[in-house]
file start.pdb (PDB, C-alpha atoms)
ATOM      1  CA  MET B   1      68.884  89.447 160.239
ATOM      2  CA  ASP B   2      71.781  89.094 162.721
ATOM      3  CA  THR B   3      69.465  90.327 165.485
ATOM      4  CA  GLU B   4      66.850  87.753 164.499
ATOM      5  CA  ARG B   5      69.437  84.943 164.491
ATOM      6  CA  SER B   6      70.748  86.063 167.882
ATOM      7  CA  ALA B   7      67.233  86.119 169.339
ATOM      8  CA  GLU B   8      66.464  82.676 167.956
ATOM      9  CA  ARG B   9      69.737  81.332 169.347
ATOM     10  CA  ARG B  10      68.836  82.681 172.798
ATOM     11  CA  ARG B  11      65.382  81.105 172.572
ATOM     12  CA  ALA B  12      66.954  77.763 171.668
ATOM     13  CA  GLN B  13      69.424  78.032 174.534
ATOM     14  CA  SER B  14      66.705  78.925 177.034
ATOM     15  CA  ARG B  15      64.728  75.825 175.989
ATOM     16  CA  SER B  16      67.738  73.502 175.936
ATOM     17  CA  PHE B  17      68.176  72.539 179.576
ATOM     18  CA  GLY B  18      65.706  69.657 179.625
ATOM     19  CA  ALA B  19      67.958  67.750 177.239
ATOM     20  CA  ALA B  20      70.822  67.918 179.733
ATOM     21  CA  ALA B  21      68.884  67.784 183.014
ATOM     22  CA  ALA B  22      70.788  64.762 184.338
ATOM     23  CA  ALA B  23      74.169  66.421 183.668
ATOM     24  CA  TYR B  24      72.843  69.616 185.251
ATOM     25  CA  GLU B  25      71.894  67.727 188.392
ATOM     26  CA  ARG B  26      75.252  65.946 188.598
ATOM     27  CA  GLY B  27      77.500  68.876 187.752
ATOM     28  CA  ARG B  28      75.998  72.172 188.852
ATOM     29  CA  PRO B  29      77.111  73.546 192.216
ATOM     30  CA  THR B  30      74.953  74.511 195.154
ATOM     31  CA  TYR B  31      74.863  78.067 196.551
ATOM     32  CA  PRO B  32      76.761  79.338 199.606
ATOM     33  CA  ALA B  33      74.901  79.940 202.857
ATOM     34  CA  ALA B  34      76.268  83.489 203.050
ATOM     35  CA  ALA B  35      74.475  84.356 199.804
ATOM     36  CA  LEU B  36      71.126  83.202 201.179
ATOM     37  CA  ASP B  37      71.770  85.000 204.477
ATOM     38  CA  TRP B  38      72.022  88.248 202.507
ATOM     39  CA  LEU B  39      69.196  87.603 200.046
ATOM     40  CA  LEU B  40      66.448  86.328 202.329
ATOM     41  CA  PRO B  41      64.495  88.931 204.307
ATOM     42  CA  GLU B  42      64.224  88.512 208.045
ATOM     43  CA  GLY B  43      61.124  86.547 209.008
ATOM     44  CA  ALA B  44      60.489  85.062 205.569
ATOM     45  CA  ARG B  45      58.552  81.803 205.764
ATOM     46  CA  ARG B  46      57.126  81.006 202.331
ATOM     47  CA  VAL B  47      59.607  81.392 199.477
ATOM     48  CA  LEU B  48      59.271  81.032 195.710
ATOM     49  CA  ASP B  49      62.187  79.370 193.893
ATOM     50  CA  LEU B  50      61.749  80.757 190.394
ATOM     51  CA  GLY B  51      63.303  78.767 187.545
ATOM     52  CA  ALA B  52      64.152  76.080 190.075
ATOM     53  CA  GLY B  53      65.823  73.695 187.636
ATOM     54  CA  THR B  54      66.680  70.424 189.363
ATOM     55  CA  GLY B  55      66.353  72.001 192.809
ATOM     56  CA  LYS B  56      69.936  73.055 193.542
ATOM     57  CA  LEU B  57      68.824  76.187 195.384
ATOM     58  CA  THR B  58      65.622  74.580 196.645
ATOM     59  CA  ARG B  59      67.543  72.113 198.803
ATOM     60  CA  SER B  60      69.266  74.911 200.670
ATOM     61  CA  LEU B  61      65.984  76.742 201.223
ATOM     62  CA  VAL B  62      64.248  73.607 202.496
ATOM     63  CA  GLY B  63      67.242  72.940 204.733
ATOM     64  CA  ARG B  64      66.545  76.260 206.449
ATOM     65  CA  GLY B  65      63.047  75.107 207.344
ATOM     66  CA  LEU B  66      61.351  77.348 204.798
ATOM     67  CA  ASP B  67      58.077  76.535 203.052
ATOM     68  CA  VAL B  68      59.182  76.473 199.400
ATOM     69  CA  VAL B  69      57.186  76.450 196.193
ATOM     70  CA  ALA B  70      59.249  75.831 193.058
ATOM     71  CA  VAL B  71      58.368  77.029 189.555
ATOM     72  CA  GLU B  72      60.184  75.522 186.562
ATOM     73  CA  PRO B  73      59.235  75.717 182.856
ATOM     74  CA  THR B  74      61.101  72.662 181.523
ATOM     75  CA  GLU B  75      59.695  69.147 181.928
ATOM     76  CA  GLY B  76      63.120  67.459 181.878
ATOM     77  CA  MET B  77      64.251  69.638 184.773
ATOM     78  CA  ARG B  78      61.018  69.057 186.657
ATOM     79  CA  ALA B  79      61.503  65.285 186.334
ATOM     80  CA  GLN B  80      64.950  65.545 187.932
ATOM     81  CA  PHE B  81      63.545  67.842 190.619
ATOM     82  CA  ARG B  82      60.788  65.376 191.526
ATOM     83  CA  ALA B  83      63.305  62.543 191.827
ATOM     84  CA  VAL B  84      65.362  64.508 194.347
ATOM     85  CA  LEU B  85      62.666  66.533 196.157
ATOM     86  CA  PRO B  86      59.410  64.594 195.854
ATOM     87  CA  ASP B  87      57.800  66.341 198.836
ATOM     88  CA  VAL B  88      58.385  69.932 197.677
ATOM     89  CA  GLU B  89      55.601  71.760 195.846
ATOM     90  CA  LEU B  90      56.565  72.068 192.164
ATOM     91  CA  VAL B  91      54.557  73.663 189.375
ATOM     92  CA  ALA B  92      55.136  74.427 185.707
ATOM     93  CA  GLY B  93      55.482  78.117 184.969
ATOM     94  CA  THR B  94      57.748  81.022 184.109
ATOM     95  CA  ALA B  95      58.708  84.355 185.628
ATOM     96  CA  GLU B  96      56.354  86.001 183.150
ATOM     97  CA  ASP B  97      53.465  83.727 184.156
ATOM     98  CA  VAL B  98      53.745  82.562 187.780
ATOM     99  CA  PRO B  99      50.921  80.129 188.660
ATOM    100  CA  LEU B 100      50.501  81.358 192.241
ATOM    101  CA  PRO B 101      47.879  83.537 193.968
ATOM    102  CA  ASP B 102      48.411  87.225 194.634
ATOM    103  CA  ALA B 103      50.462  88.113 197.739
ATOM    104  CA  SER B 104      51.246  84.481 198.537
ATOM    105  CA  VAL B 105      55.037  84.473 199.183
ATOM    106  CA  ASP B 106      57.425  86.501 201.347
ATOM    107  CA  ALA B 107      60.346  86.298 198.934
ATOM    108  CA  ALA B 108      61.126  85.121 195.414
ATOM    109  CA  LEU B 109      64.598  83.878 194.489
ATOM    110  CA  ALA B 110      65.881  83.165 190.984
ATOM    111  CA  ALA B 111      69.200  81.319 190.649
ATOM    112  CA  GLN B 112      70.964  81.218 187.251
ATOM    113  CA  ALA B 113      67.677  82.252 185.686
ATOM    114  CA  TRP B 114      66.889  85.979 185.541
ATOM    115  CA  HIS B 115      68.969  86.586 182.395
ATOM    116  CA  TRP B 116      66.497  84.397 180.483
ATOM    117  CA  VAL B 117      63.410  86.440 181.387
ATOM    118  CA  ASP B 118      61.792  89.573 180.011
ATOM    119  CA  PRO B 119      61.906  91.899 183.037
ATOM    120  CA  ARG B 120      59.233  94.171 181.596
ATOM    121  CA  THR B 121      56.730  91.337 182.045
ATOM    122  CA  ALA B 122      58.428  89.334 184.794
ATOM    123  CA  ALA B 123      58.918  92.155 187.308
ATOM    124  CA  PRO B 124      55.223  93.058 187.715
ATOM    125  CA  GLU B 125      54.260  89.367 187.656
ATOM    126  CA  VAL B 126      56.702  88.453 190.439
ATOM    127  CA  ALA B 127      55.616  91.537 192.388
ATOM    128  CA  ARG B 128      52.031  90.303 192.118
ATOM    129  CA  VAL B 129      52.764  87.082 194.013
ATOM    130  CA  LEU B 130      54.910  88.796 196.659
ATOM    131  CA  ARG B 131      53.391  90.088 199.846
ATOM    132  CA  PRO B 132      53.658  93.871 200.323
ATOM    133  CA  GLY B 133      57.298  94.846 200.722
ATOM    134  CA  GLY B 134      58.428  91.408 199.567
ATOM    135  CA  THR B 135      61.934  90.735 198.317
ATOM    136  CA  LEU B 136      63.137  89.543 194.919
ATOM    137  CA  GLY B 137      66.591  87.948 195.138
ATOM    138  CA  LEU B 138      68.729  87.076 192.116
ATOM    139  CA  LEU B 139      71.914  85.038 192.195
ATOM    140  CA  TRP B 140      74.451  83.591 189.802
ATOM    141  CA  ASN B 141      77.388  81.300 190.437
ATOM    142  CA  VAL B 142      80.156  82.633 188.175
ATOM    143  CA  ARG B 143      83.534  80.962 187.741
ATOM    144  CA  ASP B 144      86.276  83.157 189.167
ATOM    145  CA  ALA B 145      88.500  83.863 186.169
ATOM    146  CA  SER B 146      91.022  85.658 188.393
ATOM    147  CA  VAL B 147      92.268  82.130 189.187
ATOM    148  CA  PRO B 148      94.795  81.331 186.427
ATOM    149  CA  TRP B 149      93.801  77.727 185.683
ATOM    150  CA  ILE B 150      90.113  78.711 185.465
ATOM    151  CA  ALA B 151      90.999  81.569 183.118
ATOM    152  CA  ARG B 152      92.844  79.085 180.891
ATOM    153  CA  LEU B 153      89.826  76.787 180.969
ATOM    154  CA  ASP B 154      87.478  79.625 180.018
ATOM    155  CA  ARG B 155      89.561  80.433 176.951
ATOM    156  CA  LEU B 156      88.750  76.965 175.600
ATOM    157  CA  LEU B 157      85.022  77.548 175.786
ATOM    158  CA  PRO B 158      82.773  79.224 173.231
ATOM    159  CA  GLN B 159      80.787  82.077 174.790
ATOM    160  CA  ALA B 160      82.494  81.380 178.108
ATOM    161  CA  GLY B 161      81.001  84.541 179.588
ATOM    162  CA  GLU B 162      77.390  83.567 178.951
ATOM    163  CA  GLU B 163      76.690  82.901 182.609
ATOM    164  CA  HIS B 164      77.775  86.479 183.402
ATOM    165  CA  LEU B 165      74.812  87.934 181.495
ATOM    166  CA  ARG B 166      73.137  90.639 183.608
ATOM    167  CA  SER B 167      74.687  89.274 186.793
ATOM    168  CA  MET B 168      76.729  92.416 187.451
ATOM    169  CA  ALA B 169      73.780  94.778 187.074
ATOM    170  CA  PRO B 170      70.559  92.827 186.503
ATOM    171  CA  VAL B 171      67.630  94.775 185.113
ATOM    172  CA  VAL B 172      64.445  94.452 187.168
ATOM    173  CA  GLY B 173      62.368  97.625 186.928
ATOM    174  CA  PRO B 174      58.959  98.697 188.268
ATOM    175  CA  PRO B 175      57.303  98.054 190.611
ATOM    176  CA  PHE B 176      60.595  97.169 192.321
ATOM    177  CA  GLY B 177      62.906  99.758 193.805
ATOM    178  CA  PRO B 178      66.702 100.097 193.619
ATOM    179  CA  VAL B 179      68.754  96.921 193.183
ATOM    180  CA  GLU B 180      71.460  96.202 195.793
ATOM    181  CA  ARG B 181      74.506  94.041 194.948
ATOM    182  CA  HIS B 182      76.692  91.730 197.031
ATOM    183  CA  ASP B 183      79.356  89.139 196.099
ATOM    184  CA  VAL B 184      80.238  85.932 197.939
ATOM    185  CA  THR B 185      83.474  84.142 197.026
ATOM    186  CA  TRP B 186      83.900  80.437 197.699
ATOM    187  CA  THR B 187      85.602  77.297 196.420
ATOM    188  CA  GLN B 188      84.301  73.808 195.654
ATOM    189  CA  VAL B 189      86.425  70.693 195.241
ATOM    190  CA  ILE B 190      85.079  68.723 192.268
ATOM    191  CA  THR B 191      85.904  65.584 190.344
ATOM    192  CA  LEU B 192      86.862  65.532 186.691
ATOM    193  CA  GLU B 193      83.504  63.985 185.774
ATOM    194  CA  GLU B 194      81.626  66.647 187.736
ATOM    195  CA  LEU B 195      83.490  69.289 185.744
ATOM    196  CA  MET B 196      82.530  67.541 182.523
ATOM    197  CA  ASP B 197      78.875  67.469 183.579
ATOM    198  CA  LEU B 198      79.087  71.136 184.574
ATOM    199  CA  THR B 199      80.401  72.000 181.110
ATOM    200  CA  ALA B 200      77.910  69.762 179.304
ATOM    201  CA  SER B 201      74.999  71.411 181.140
ATOM    202  CA  ARG B 202      75.771  74.889 179.766
ATOM    203  CA  SER B 203      73.163  76.008 177.255
ATOM    204  CA  TRP B 204      75.741  77.099 174.702
ATOM    205  CA  VAL B 205      77.364  73.634 174.839
ATOM    206  CA  ILE B 206      74.045  71.773 174.723
ATOM    207  CA  THR B 207      73.087  73.599 171.534
ATOM    208  CA  LEU B 208      76.423  73.203 169.721
ATOM    209  CA  GLU B 209      76.350  70.997 166.650
ATOM    210  CA  GLU B 210      78.614  67.981 166.366
ATOM    211  CA  PRO B 211      81.548  67.615 165.976
ATOM    212  CA  ARG B 212      82.088  71.021 167.628
ATOM    213  CA  ARG B 213      80.387  69.950 170.866
ATOM    214  CA  SER B 214      82.593  66.867 171.249
ATOM    215  CA  ALA B 215      85.697  68.924 170.457
ATOM    216  CA  VAL B 216      84.866  71.443 173.187
ATOM    217  CA  LEU B 217      84.287  68.696 175.753
ATOM    218  CA  ASP B 218      87.527  66.954 174.743
ATOM    219  CA  ASP B 219      89.465  70.207 175.146
ATOM    220  CA  VAL B 220      87.990  70.770 178.613
ATOM    221  CA  ARG B 221      88.812  67.215 179.681
ATOM    222  CA  THR B 222      92.407  67.552 178.486
ATOM    223  CA  GLN B 223      92.895  70.871 180.286
ATOM    224  CA  ALA B 224      91.291  69.613 183.505
ATOM    225  CA  GLN B 225      93.290  66.385 183.480
ATOM    226  CA  ALA B 226      96.493  68.399 183.115
ATOM    227  CA  ARG B 227      95.506  70.475 186.152
ATOM    228  CA  LEU B 228      94.639  67.341 188.102
ATOM    229  CA  ASP B 229      98.001  65.760 187.215
ATOM    230  CA  GLU B 230      99.763  68.964 188.276
ATOM    231  CA  VAL B 231      98.220  69.582 191.709
ATOM    232  CA  GLY B 232      96.194  66.434 192.473
ATOM    233  CA  VAL B 233      92.836  68.194 192.965
ATOM    234  CA  LEU B 234      90.351  70.313 191.025
ATOM    235  CA  GLU B 235      89.183  73.345 192.966
ATOM    236  CA  MET B 236      86.531  75.431 191.245
ATOM    237  CA  ALA B 237      86.540  78.990 192.540
ATOM    238  CA  TYR B 238      83.240  80.862 192.309
ATOM    239  CA  VAL B 239      81.883  84.311 192.849
ATOM    240  CA  THR B 240      78.188  84.170 193.702
ATOM    241  CA  ARG B 241      76.781  87.461 192.452
ATOM    242  CA  CYS B 242      73.732  88.422 194.489
ATOM    243  CA  SER B 243      71.187  91.168 193.872
ATOM    244  CA  ARG B 244      68.102  92.048 195.872
ATOM    245  CA  THR B 245      65.281  94.509 195.538
ATOM    246  CA  ARG B 246      61.932  95.130 197.178
ATOM    247  CA  THR B 247      58.586  96.250 195.942
ATOM    248  CA  THR B 248      57.928  99.938 196.402
TER     249      THR B 248
END
call {"tool": "encode", "arguments": {"input": "start.pdb", "output": "structure tokens"}}
result
Amino acid sequence: MDTERSAERRRAQSRSFGAAAAAYERGRPTYPAAALDWLLPEGARRVLDLGAGTGKLTRSLVGRGLDVVAVEPTEGMRAQFRAVLPDVELVAGTAEDVPLPDASVDAALAAQAWHWVDPRTAAPEVARVLRPGGTLGLLWNVRDASVPWIARLDRLLPQAGEEHLRSMAPVVGPPFGPVERHDVTWTQVITLEELMDLTASRSWVITLEEPRRSAVLDDVRTQAQARLDEVGVLEMAYVTRCSRTRTT
């Protein structure tokens, strides 16, 4: 029964992002250039952004002059994406059912997304749309809890480690080969309201029942305001955990 409840909770969390798409767009960070330098294969031209959300990663890919096709399962996220990137190809789909032709992209990237998929189905499906020898790149922005004020903030949050799921050693499987790992550390200056939107866009916060959700957000605001009063700026330190693998 506990396993069933846990599975249902994960399903609810995975479907929750559309309800907080605007907060996601306002609060979620971008991804560092060094991460994309490592993940993208040399000579890649057409790239799949898998689980594209509101287009946080997509913007960086387009900025590199790449031909990007974005796949996103949630209508609320797609609406935000279209508002920001109306000229980028966007289709509804999932990693387990990618609506693209065989061998049609040089690389597929999934940002903050692979922990939601079933790799047994997703791996062969993504391999199908990759050209021979194509690269699958996975990345997660993870708050750096080695920074004391961020560690204190994390202790306020229920399931604060949720975004770490599978990011240290993501499971991919056949027909992909060994998975390589690389970390990029970086810092972003944010406003208090951006931090609140970042927190509100987490699936485990979206799906909390009231009054627990409001209490969590109030605790985060109080902690962040204290930090702001202390040093005059909010700096969010991140580790971008990158993994890449190629078809065999």
call {"tool": "resolve_selection", "arguments": {"input": "start.pdb", "expression": "the PyMOL selection byres ((chain B and resi 152) around 12)", "output": "NGL selection string"}}
result
:B and (143-151 or 153-157 or 160 or 219-220 or 222-224 or 226-227)
call {"tool": "residues_around", "arguments": {"input": "start.pdb", "residues": "B:Gly65", "least_positions_apart": "5", "cutoff": "12 Å", "atoms": "all atoms listed in the file", "output": "list in words"}}
result
Gly43, Ala44, Arg45, Arg46, Val47, Thr58, Arg59, Ser60 and Val88 of chain B
call {"tool": "residues_around", "arguments": {"input": "start.pdb", "residues": "stretch 98-106 of chain B", "least_positions_apart": "4", "cutoff": "10 Å", "atoms": "only C-alpha atoms", "output": "NGL selection string"}}
result
:B and (40-48 or 50 or 67-69 or 71-72 or 91-94 or 122 or 125-136)
call {"tool": "resolve_selection", "arguments": {"input": "start.pdb", "expression": "the PyMOL selection byres ((chain B and resi 186) around 9)", "output": "list in words"}}
result
Pro32, Val184, Thr185, Thr187, Gln188, Met236, Ala237, Tyr238, Val239 and Thr240 of chain B
call {"tool": "residues_around", "arguments": {"input": "start.pdb", "residues": "B:Ile190", "least_positions_apart": "6", "cutoff": "10 Å", "atoms": "only C-alpha atoms", "output": "list in words"}}
result
Gly27, Pro29, Val233, Leu234, Glu235 and Met236 of chain B
call {"tool": "resolve_selection", "arguments": {"input": "start.pdb", "expression": "the PyMOL selection byres ((chain B and resi 123) around 10)", "output": "list in words"}}
result
Ala95, Glu96, Val117, Asp118, Pro119, Arg120, Thr121, Ala122, Pro124, Glu125, Val126, Ala127, Arg128, Leu136, Val171, Val172, Gly173, Pro174, Pro175, Phe176 and Thr247 of chain B
call {"tool": "atom_distance", "arguments": {"input": "start.pdb", "atom1": "atom CA of B:Val205", "atom2": "atom CA of B:Val231"}}
result
27.1 Å
call {"tool": "atom_distance", "arguments": {"input": "start.pdb", "atom1": "atom CA of B:Leu39", "atom2": "atom CA of B:Arg181"}}
result
9.8 Å
